[in-house]
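As provided, run_10.txt (compact mmCIF, C-alpha atoms) reads as follows.
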```txt
# COMPACT_ATOMS: atom_id res chain seq x y z
CA MET A 1 89.30 78.98 125.25
CA GLU A 2 89.53 75.35 124.02
CA SER A 3 86.05 75.66 122.54
CA LEU A 4 87.62 78.05 120.05
CA PHE A 5 89.19 75.13 118.23
CA LEU A 6 85.75 73.71 117.58
CA LEU A 7 84.04 77.03 116.89
CA LEU A 8 86.61 78.23 114.36
CA PRO A 9 86.08 75.35 111.90
CA VAL A 10 82.31 75.61 112.46
CA SER A 11 82.29 79.32 111.60
CA PHE A 12 84.45 78.56 108.57
CA LEU A 13 81.98 75.96 107.32
CA PHE A 14 79.09 78.37 107.95
CA VAL A 15 80.70 81.09 105.85
CA ILE A 16 81.32 78.63 103.02
CA GLY A 17 77.70 77.46 103.26
CA ILE A 18 76.29 80.99 103.26
CA GLY A 19 78.53 81.91 100.32
CA ILE A 20 77.31 78.93 98.29
CA ALA A 21 73.69 79.70 99.22
CA LEU A 22 74.11 83.30 98.09
CA TYR A 23 75.70 82.23 94.81
CA TRP A 24 72.85 79.79 94.20
CA ALA A 25 70.25 82.43 95.06
CA VAL A 26 71.67 84.96 92.60
CA PHE A 27 71.99 82.51 89.71
CA SER A 28 68.69 80.73 90.25
CA GLY A 29 66.92 84.05 89.80
CA GLN A 30 65.97 84.86 93.37
CA PHE A 31 67.05 88.45 92.76
CA ASP A 32 65.28 88.79 89.40
CA ASP A 33 62.03 90.71 89.22
CA THR A 34 61.58 91.45 92.89
CA GLU A 35 58.58 93.55 91.87
CA GLU A 36 56.68 90.93 89.94
CA ASN A 37 54.62 89.39 92.72
CA GLY A 38 53.71 92.73 94.22
CA LYS A 39 52.56 94.07 90.87
CA SER A 40 50.57 91.00 89.84
CA ILE A 41 47.85 92.11 92.27
CA LEU A 42 47.32 95.27 90.18
CA GLU A 43 47.24 93.39 86.89
CA ASP A 44 44.72 90.89 88.15
CA ASN A 45 41.78 90.36 85.83
CA ASP A 46 38.61 90.63 87.94
CA SER A 47 36.08 90.52 85.08
CA ASN A 48 35.50 86.74 85.32
CA HIS A 49 34.16 86.91 88.85
CA THR A 50 31.07 89.02 88.16
CA MET B 1 44.52 104.51 85.28
CA LEU B 2 46.06 101.59 87.12
CA ASN B 3 47.97 100.52 84.04
CA LYS B 4 49.42 103.98 83.76
CA LEU B 5 50.45 103.86 87.39
CA VAL B 6 52.23 100.56 86.92
CA LEU B 7 53.92 101.83 83.81
CA SER B 8 55.36 104.90 85.48
CA TYR B 9 56.48 102.69 88.34
CA ASP B 10 58.47 100.63 85.86
CA MET B 11 60.51 103.58 84.72
CA ARG B 12 62.91 103.54 87.60
CA ALA B 13 64.44 100.47 89.16
CA ALA B 14 63.03 99.96 92.63
CA SER B 15 66.02 98.09 93.97
CA ILE B 16 69.64 98.23 92.88
CA PHE B 17 69.93 94.56 93.87
CA SER B 18 67.28 93.30 91.50
CA ILE B 19 68.30 92.57 87.93
CA PRO B 20 66.28 94.68 85.45
CA LYS B 21 64.11 92.64 83.11
CA ASP B 22 64.73 94.73 79.99
CA LEU B 23 68.48 94.04 79.80
CA PRO B 24 69.89 91.60 77.22
CA ASP B 25 70.84 88.18 78.54
CA HIS B 26 74.61 88.63 78.68
CA GLU B 27 74.20 91.93 80.54
CA ARG B 28 71.89 90.24 83.04
CA GLN B 29 74.42 87.45 83.53
CA LYS B 30 77.18 90.01 84.06
CA ARG B 31 75.03 91.80 86.61
CA ARG B 32 74.38 88.49 88.41
CA HIS B 33 78.10 87.79 88.61
CA MET B 34 78.70 91.27 89.99
CA LEU B 35 75.97 90.84 92.59
CA ALA B 36 77.24 87.40 93.64
CA SER B 37 80.85 88.56 93.90
CA LEU B 38 79.76 91.67 95.80
CA GLY B 39 77.87 89.56 98.35
CA ILE B 40 80.61 86.96 98.72
CA ALA B 41 83.29 89.63 99.11
CA TRP B 42 81.32 91.35 101.91
CA LEU B 43 80.61 88.03 103.61
CA VAL B 44 84.27 86.95 103.56
CA MET B 45 85.33 90.43 104.61
CA MET B 46 83.22 90.29 107.77
CA GLN B 47 84.52 86.87 108.72
CA VAL B 48 88.16 87.63 107.96
CA MET B 49 87.93 90.87 109.97
CA MET B 50 86.78 88.77 112.92
CA PHE B 51 89.68 86.36 112.40
CA ALA B 52 92.11 89.28 112.24
CA PHE B 53 91.07 90.69 115.60
CA PRO B 54 93.14 88.37 117.89
CA GLY B 55 96.25 89.40 115.94
CA TYR B 56 95.74 92.98 117.10
CA LEU B 57 95.42 91.80 120.74
CA ARG B 58 98.56 89.70 120.71
CA GLY B 59 100.78 92.49 122.06
CA ASP B 60 98.81 92.61 125.32
CA TYR B 61 99.40 88.92 126.03
CA ILE B 62 103.18 88.83 125.68
CA GLY B 63 104.65 87.26 128.83
CA THR B 64 101.36 85.76 130.01
CA GLU B 65 100.38 82.09 130.19
CA SER B 66 97.67 82.38 127.55
CA LEU B 67 100.12 83.60 124.88
CA ALA B 68 100.90 80.08 123.60
CA MET B 69 97.23 79.25 123.16
CA LEU B 70 96.53 82.64 121.58
CA ASP B 71 99.35 82.03 119.13
CA THR B 72 97.90 78.65 118.17
CA ALA B 73 94.51 80.30 117.65
CA ILE B 74 96.10 83.04 115.55
CA ILE B 75 97.84 80.47 113.35
CA ILE B 76 94.53 78.66 112.76
CA MET B 77 92.76 81.94 112.07
CA ASN B 78 95.47 82.98 109.61
CA TRP B 79 95.02 79.75 107.67
CA LEU B 80 91.24 80.12 107.70
CA SER B 81 91.56 83.74 106.52
CA PHE B 82 93.90 82.58 103.78
CA ALA B 83 91.41 79.91 102.67
CA LEU B 84 88.50 82.39 102.70
CA THR B 85 90.45 85.08 100.83
CA MET B 86 91.24 82.68 97.96
CA PRO B 87 87.71 82.64 96.47
CA VAL B 88 87.60 86.45 96.83
CA LEU B 89 90.79 86.74 94.79
CA LEU B 90 89.94 84.03 92.26
CA TYR B 91 86.23 84.74 91.75
CA CYS B 92 85.29 88.19 93.06
CA ALA B 93 88.47 89.95 91.93
CA TRP B 94 88.47 88.17 88.55
CA PRO B 95 87.52 91.31 86.55
CA ILE B 96 90.58 93.04 88.03
CA TRP B 97 93.02 90.37 86.79
CA GLN B 98 91.24 90.40 83.45
CA GLY B 99 91.65 94.17 83.27
CA VAL B 100 95.37 93.90 83.97
CA PHE B 101 96.06 91.34 81.25
CA LYS B 102 93.53 92.42 78.67
CA LYS B 103 93.77 95.80 77.02
CA SER B 104 90.46 97.08 75.74
CA PRO B 105 90.56 100.41 73.93
CA SER B 106 86.93 101.21 74.79
CA HIS B 107 87.70 101.06 78.47
CA SER B 108 91.18 102.52 78.62
CA MET B 109 90.25 104.10 81.95
CA ARG B 110 89.46 100.69 83.39
CA VAL B 111 92.87 99.41 82.42
CA ASN B 112 94.54 102.27 84.25
CA MET B 113 92.39 101.61 87.26
CA ASP B 114 93.08 97.88 87.46
CA TRP B 115 96.83 98.26 87.73
CA PRO B 116 96.99 100.08 91.09
CA VAL B 117 94.26 97.80 92.44
CA ALA B 118 96.15 94.65 91.42
CA LEU B 119 99.37 96.07 92.89
CA GLY B 120 97.59 96.88 96.16
CA ILE B 121 96.05 93.42 96.43
CA LEU B 122 99.25 91.53 95.63
CA THR B 123 101.55 93.60 97.86
CA ALA B 124 99.19 92.86 100.76
CA PHE B 125 98.39 89.26 99.85
CA ILE B 126 101.79 87.71 99.03
CA PRO B 127 103.56 88.78 102.28
CA SER B 128 100.46 87.60 104.20
CA VAL B 129 100.74 84.15 102.64
CA ILE B 130 104.44 84.03 103.51
CA ALA B 131 103.63 85.09 107.11
CA THR B 132 100.95 82.41 107.35
CA VAL B 133 103.17 79.61 106.10
CA SER B 134 106.22 80.65 108.11
CA GLN B 135 104.01 81.44 111.15
CA GLN B 136 105.80 84.73 111.66
CA GLY B 137 104.82 88.30 111.08
CA GLU B 138 101.53 90.06 110.42
CA VAL B 139 98.87 89.14 107.91
CA TYR B 140 96.77 91.60 105.89
CA PHE B 141 94.05 89.28 104.61
CA GLU B 142 91.38 91.50 106.17
CA SER B 143 92.73 94.50 104.25
CA VAL B 144 92.69 92.50 101.02
CA ALA B 145 89.09 91.38 101.60
CA MET B 146 87.97 94.89 102.57
CA PHE B 147 89.70 96.42 99.57
CA VAL B 148 88.05 93.99 97.15
CA ALA B 149 84.61 94.29 98.81
CA PHE B 150 84.66 98.11 98.79
CA LEU B 151 86.02 98.25 95.27
CA LEU B 152 83.26 95.94 94.05
CA THR B 153 80.70 98.12 95.84
CA ALA B 154 81.94 101.16 93.93
CA ARG B 155 82.00 99.24 90.64
CA TYR B 156 78.57 97.78 91.20
CA LEU B 157 77.10 101.25 91.67
CA GLU B 158 79.00 102.49 88.64
CA PHE B 159 77.85 99.51 86.57
CA CYS B 160 74.19 100.02 87.55
CA ALA B 161 74.52 103.66 86.48
CA GLU B 162 76.18 102.69 83.17
CA GLN B 163 73.61 100.01 82.39
CA SER B 164 70.76 102.41 82.97
CA ALA B 165 72.61 104.85 80.68
CA ARG B 166 72.82 102.31 77.87
CA TYR B 167 69.32 100.94 77.96
CA SER B 168 67.09 103.81 78.90
CA SER B 169 68.40 106.72 76.89
CA ILE B 170 65.02 107.13 75.19
CA GLY B 171 63.50 110.35 76.43
CA ALA B 172 66.80 111.89 77.46
CA PRO B 173 68.00 114.81 75.30
CA ALA B 174 71.01 114.32 73.04
CA THR B 175 72.75 117.22 74.79
CA LEU B 176 73.01 115.05 77.91
CA GLU B 177 74.94 112.39 76.01
CA GLN B 178 77.26 115.07 74.56
CA ALA B 179 77.83 116.54 78.00
CA ARG B 180 78.50 113.05 79.40
CA ILE B 181 81.17 112.31 76.79
CA ILE B 182 82.95 115.61 77.43
CA MET B 183 82.83 115.15 81.21
CA THR B 184 84.02 111.52 80.98
CA ALA B 185 87.06 112.54 78.93
CA LYS B 186 87.96 115.13 81.55
CA ALA B 187 87.46 112.72 84.46
CA ASP B 188 89.61 110.06 82.74
CA LYS B 189 92.41 112.53 82.22
CA ILE B 190 92.39 113.66 85.86
CA ALA B 191 92.13 110.10 87.20
CA PHE B 192 95.01 108.95 85.00
CA ALA B 193 97.34 111.69 86.25
CA PHE B 194 96.20 110.97 89.81
CA VAL B 195 96.99 107.23 89.56
CA ILE B 196 100.49 107.81 88.10
CA ILE B 197 101.38 110.32 90.82
CA GLN B 198 99.93 108.16 93.61
CA ILE B 199 101.82 105.03 92.51
CA LEU B 200 105.10 106.93 92.32
CA LEU B 201 104.41 108.40 95.77
CA ALA B 202 103.61 104.92 97.13
CA ILE B 203 106.83 103.37 95.84
CA ILE B 204 108.98 106.29 97.04
CA SER B 205 107.33 106.31 100.48
CA GLY B 206 107.66 102.53 100.81
CA LEU B 207 111.38 102.74 99.94
CA VAL B 208 111.99 105.62 102.36
CA TRP B 209 110.26 103.73 105.17
CA TYR B 210 112.16 100.54 104.37
CA LEU B 211 115.61 102.14 104.15
CA PHE B 212 115.51 104.94 106.70
CA ILE B 213 112.61 104.71 109.12
CA ASP B 214 111.23 101.30 110.02
CA LYS B 215 111.65 98.19 107.88
CA ALA B 216 108.67 96.43 109.46
CA HIS B 217 106.32 99.34 108.77
CA ALA B 218 107.29 99.79 105.10
CA LEU B 219 104.81 97.18 103.87
CA PRO B 220 101.65 98.61 105.51
CA VAL B 221 102.59 102.11 104.24
CA LEU B 222 103.05 100.78 100.72
CA VAL B 223 99.77 98.81 100.82
CA ALA B 224 97.82 101.77 102.24
CA LEU B 225 99.10 104.08 99.50
CA PHE B 226 98.39 101.55 96.76
CA VAL B 227 94.86 101.10 98.10
CA MET B 228 94.36 104.87 98.16
CA SER B 229 95.65 105.26 94.61
CA CYS B 230 92.51 103.52 93.33
CA PRO B 231 90.38 106.24 91.67
CA CYS B 232 87.05 104.40 92.17
CA ALA B 233 85.22 107.52 93.31
CA MET B 234 86.56 109.51 90.36
CA SER B 235 85.48 106.93 87.84
CA MET B 236 82.00 106.96 89.41
CA ALA B 237 81.76 110.76 89.29
CA VAL B 238 80.35 111.14 85.77
CA PRO B 239 78.34 107.88 85.29
CA THR B 240 76.34 108.34 88.49
CA ALA B 241 75.63 112.04 87.79
CA SER B 242 74.56 111.45 84.18
CA SER B 243 72.32 108.52 85.09
CA ALA B 244 70.67 110.71 87.76
CA ALA B 245 70.00 113.30 85.04
CA ARG B 246 68.64 110.59 82.77
CA ALA B 247 66.25 109.44 85.48
CA ILE B 248 65.05 113.03 85.90
CA PHE B 249 64.32 113.30 82.16
CA LEU B 250 62.57 109.93 82.19
CA ASN B 251 60.27 110.94 85.03
CA ASP B 252 59.13 114.11 83.34
CA HIS B 253 58.93 114.39 79.57
CA SER B 254 57.50 117.90 79.54
CA PHE B 255 60.77 119.82 79.86
CA THR B 256 61.32 122.86 77.66
CA PRO B 257 64.83 123.34 76.18
CA GLU B 258 65.59 125.97 78.88
CA GLN B 259 64.57 123.56 81.59
CA GLN B 260 66.70 120.83 80.01
CA GLU B 261 69.65 123.22 79.99
CA PHE B 262 69.01 123.94 83.66
CA VAL B 263 69.12 120.22 84.52
CA LEU B 264 72.26 119.82 82.41
CA ASN B 265 73.99 122.65 84.25
CA LEU B 266 73.12 121.08 87.58
CA THR B 267 74.41 117.73 86.28
CA ARG B 268 77.71 119.31 85.25
CA LYS B 269 77.93 120.93 88.66
CA THR B 270 77.27 117.63 90.43
CA ALA B 271 79.82 115.75 88.30
CA ASN B 272 82.44 118.41 89.04
CA GLN B 273 81.65 118.25 92.75
CA ASN B 274 82.07 114.46 92.60
CA LEU B 275 85.31 114.62 90.68
CA TYR B 276 87.09 117.43 92.53
CA GLY B 277 85.63 116.44 95.91
CA SER B 278 87.00 112.91 95.70
CA LEU B 279 90.30 114.22 94.33
CA ALA B 280 90.61 116.62 97.29
CA TRP B 281 89.75 113.83 99.73
CA HIS B 282 92.48 111.58 98.31
CA ILE B 283 95.03 114.40 98.25
CA LEU B 284 94.29 115.14 101.92
CA MET B 285 94.62 111.47 102.88
CA ALA B 286 97.85 110.75 100.98
CA PRO B 287 100.22 112.63 103.37
CA LEU B 288 98.68 110.88 106.38
CA ALA B 289 99.39 107.53 104.74
CA MET B 290 102.94 108.59 103.86
CA PHE B 291 103.61 109.36 107.51
CA GLY B 292 102.43 105.85 108.39
CA LEU B 293 99.26 106.99 110.15
CA VAL B 294 96.86 105.08 107.90
CA ALA B 295 96.62 101.29 108.29
CA PRO B 296 95.75 99.39 105.08
CA TRP B 297 92.21 98.67 106.28
CA VAL B 298 91.69 102.36 107.15
CA ALA B 299 92.84 103.19 103.61
CA ALA B 300 90.20 100.79 102.28
CA ILE B 301 87.56 102.60 104.35
CA THR B 302 88.64 106.04 103.05
CA MET B 303 88.16 104.65 99.55
CA LEU B 304 84.67 103.39 100.40
CA VAL B 305 83.74 106.73 101.98
CA SER B 306 84.61 108.70 98.85
CA SER B 307 82.76 106.25 96.57
CA LEU B 308 79.62 106.35 98.69
CA ALA B 309 79.82 110.15 98.95
CA VAL B 310 79.87 110.36 95.15
CA ALA B 311 76.90 107.99 94.85
CA TRP B 312 75.01 109.99 97.47
CA ASN B 313 75.76 113.34 95.83
CA SER B 314 74.45 112.10 92.47
CA TRP B 315 71.39 110.62 94.13
CA ARG B 316 70.74 114.05 95.68
CA LEU B 317 70.62 115.54 92.18
CA TYR B 318 67.92 113.04 91.23
CA LYS B 319 66.07 113.56 94.51
CA LYS B 320 66.03 117.33 94.05
CA PHE B 321 63.68 116.96 91.08
CA HIS B 322 61.93 113.84 92.17
CA ASN B 323 60.45 115.49 95.29
CA GLN B 324 59.52 118.85 93.89
CA GLY B 325 59.41 118.17 90.19
CA PHE B 326 55.97 119.70 89.89
CA ILE B 327 56.77 123.01 91.55
CA ILE B 328 60.00 123.31 89.62
CA SER B 329 58.45 122.65 86.24
CA LEU B 330 56.06 125.52 86.88
CA ASP B 331 58.71 128.00 87.92
CA TRP B 332 61.56 127.04 85.72
CA THR B 333 61.02 129.25 82.77
CA ALA B 334 62.59 131.98 84.87
CA GLY B 335 65.70 129.77 84.88
CA LYS B 336 65.60 129.31 88.60
CA ALA B 337 64.33 126.46 90.70
CA VAL B 338 62.13 127.26 93.65
CA GLN B 339 63.35 125.34 96.62
CA GLY B 340 60.87 123.74 99.01
```

Once more with this new file: its structure as structure tokens, please.
Amino acid sequence: MESLFLLLPVSFLFVIGIGIALYWAVFSGQFDDTEENGKSILEDNDSNHT
Amino acid sequence: MLNKLVLSYDMRAASIFSIPKDLPDHERQKRRHMLASLGIAWLVMMQVMMFAFPGYLRGDYIGTESLAMLDTAIIIMNWLSFALTMPVLLYCAWPIWQGVFKKSPSHSMRVNMDWPVALGILTAFIPSVIATVSQQGEVYFESVAMFVAFLLTARYLEFCAEQSARYSSIGAPATLEQARIIMTAKADKIAFAFVIIQILLAIISGLVWYLFIDKAHALPVLVALFVMSCPCAMSMAVPTASSAARAIFLNDHSFTPEQQEFVLNLTRKTANQNLYGSLAWHILMAPLAMFGLVAPWVAAITMLVSSLAVAWNSWRLYKKFHNQGFIISLDWTAGKAVQG
């Protein structure tokens, strides 16, 4: 049970880290335009390759 | 052909977690804040629920050798829960404090809704802080985190519906907007009466428990009733239904006036189901909470259940036409939809 006193602070730091990572991800645009890359394949201009 | 395909794909948002491109900048920023606070609230909620668990086990360890160590662990976990709940209150719940102190006439409903929420959060949070510092008594940080996380879930869904209402009304008939305004006024009126009655009930029940039944149990009863007085599901009832109708009109522009009327009637029906269904659910749950059978975290779950049920019911309206739109548009002139 002693290991708990190490694991508790570790889990606390992990949650803080994940929270900061999530905040960064949202505001750096990771959740913007989730479709863009998938759609770019349809909008590809093939005419140059012939 | 391909361009057309892509275009029609654009009409509906593929993911409620992605931020639509066609929104103005401040709306996008608002949506980002809502998404970030939603995620952080759920993250903290999961962790704080874990930290709360040993507190529930404590009773089984009284008189055993491990009790002292368990108590030390509980004290640490209470402090960690306290520390994790702070950003939820200061960042995620920020719109709630804003709503309490700022009166905006355009969102009078919001103001009504923020009061019971703020009361519920503070009546659970302040005694928990006192219990943490004095190292005595129970903490309700997990109920606070759950309440905020579930509330933000409901508001996020509502906000997505409202945003789509504001920025994609092209193609939707004006009668839909008229119907939406009438239904919103009705929903606001019902929700307002509901909140007033629920808060009075909460205070009376809390007092009765404190004075006559069990002093120690008065606080959880009060918190549970405050949590359940939040009309999240009711305030979602109309926005989600009308944005489902809007999506139906956007997918198919070839509706005749009779067909439009048919969709509108179904929308009204769905909005009423949402409104009266969630009202009935809350009225059924209130007596259970008054008798002390509903823990604050259970109350938070009942709130989430009704909000998700409303979102699901409105999504069903959209789905009804999305799957069989073609068959229905052929058979509709009779005023009846052919199922299947």

Contact residues around B:Ser243 with all atoms listed in the file at 6 Å, ignoring same-chain residues under 2 positions, as a ChimeraX atom specification: /B:161,165,240-241,245-246

query: Could you list, as a ChimeraX atom specification, every residue of chain A that has an atom within 10 Å of an atom of chain B, counting only C-alpha atoms?
result: /A:1-2,4-5,8-9,11-12,15-16,18-20,22-35,39,42-43

task: Using only C-alpha atoms, determine which residues lie at most 10 Å from B:Leu152, disregarding the query and same-chain residues fewer than 3 positions distant; provide the list as a list in words.
output: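 Everything that qualifies: Met34, Leu35, Ser37, Leu38, Gly39, Ala41, Trp42, Cys92, Ala93, Pro95, Ile96, Met146, Phe147, Val148, Ala149, Arg155, Tyr156, Leu157, Glu158, Phe159, Cys232 and Leu304 of chain B.
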
Interatomic distance (Å, one decimal) between atom CA of B:Thr267 and atom CA of B:Val238: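 Rounded to one decimal, the two atoms are 8.9 Å apart.
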
message: Counting only C-alpha atoms, which residue out of B:Ala309, B:Ala299, B:Leu317, B:Leu57 sits closest to B:Asp71?
response: B:Leu57

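Taking atom CA of B:Phe53 and atom CA of B:Ile74 as endpoints, the distance between them is 9.2 Å.
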
query: atom CA of B:Gly63 and atom CA of B:Ala124 are how many Å apart?
result: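 Computing it gives 29.1 Å between the two atoms.
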
query: Pick the closest to B:Pro296 from B:Leu250, B:Ala244, B:Ala145, B:Ile196: which is it, counting only C-alpha atoms?
result: B:Ala145
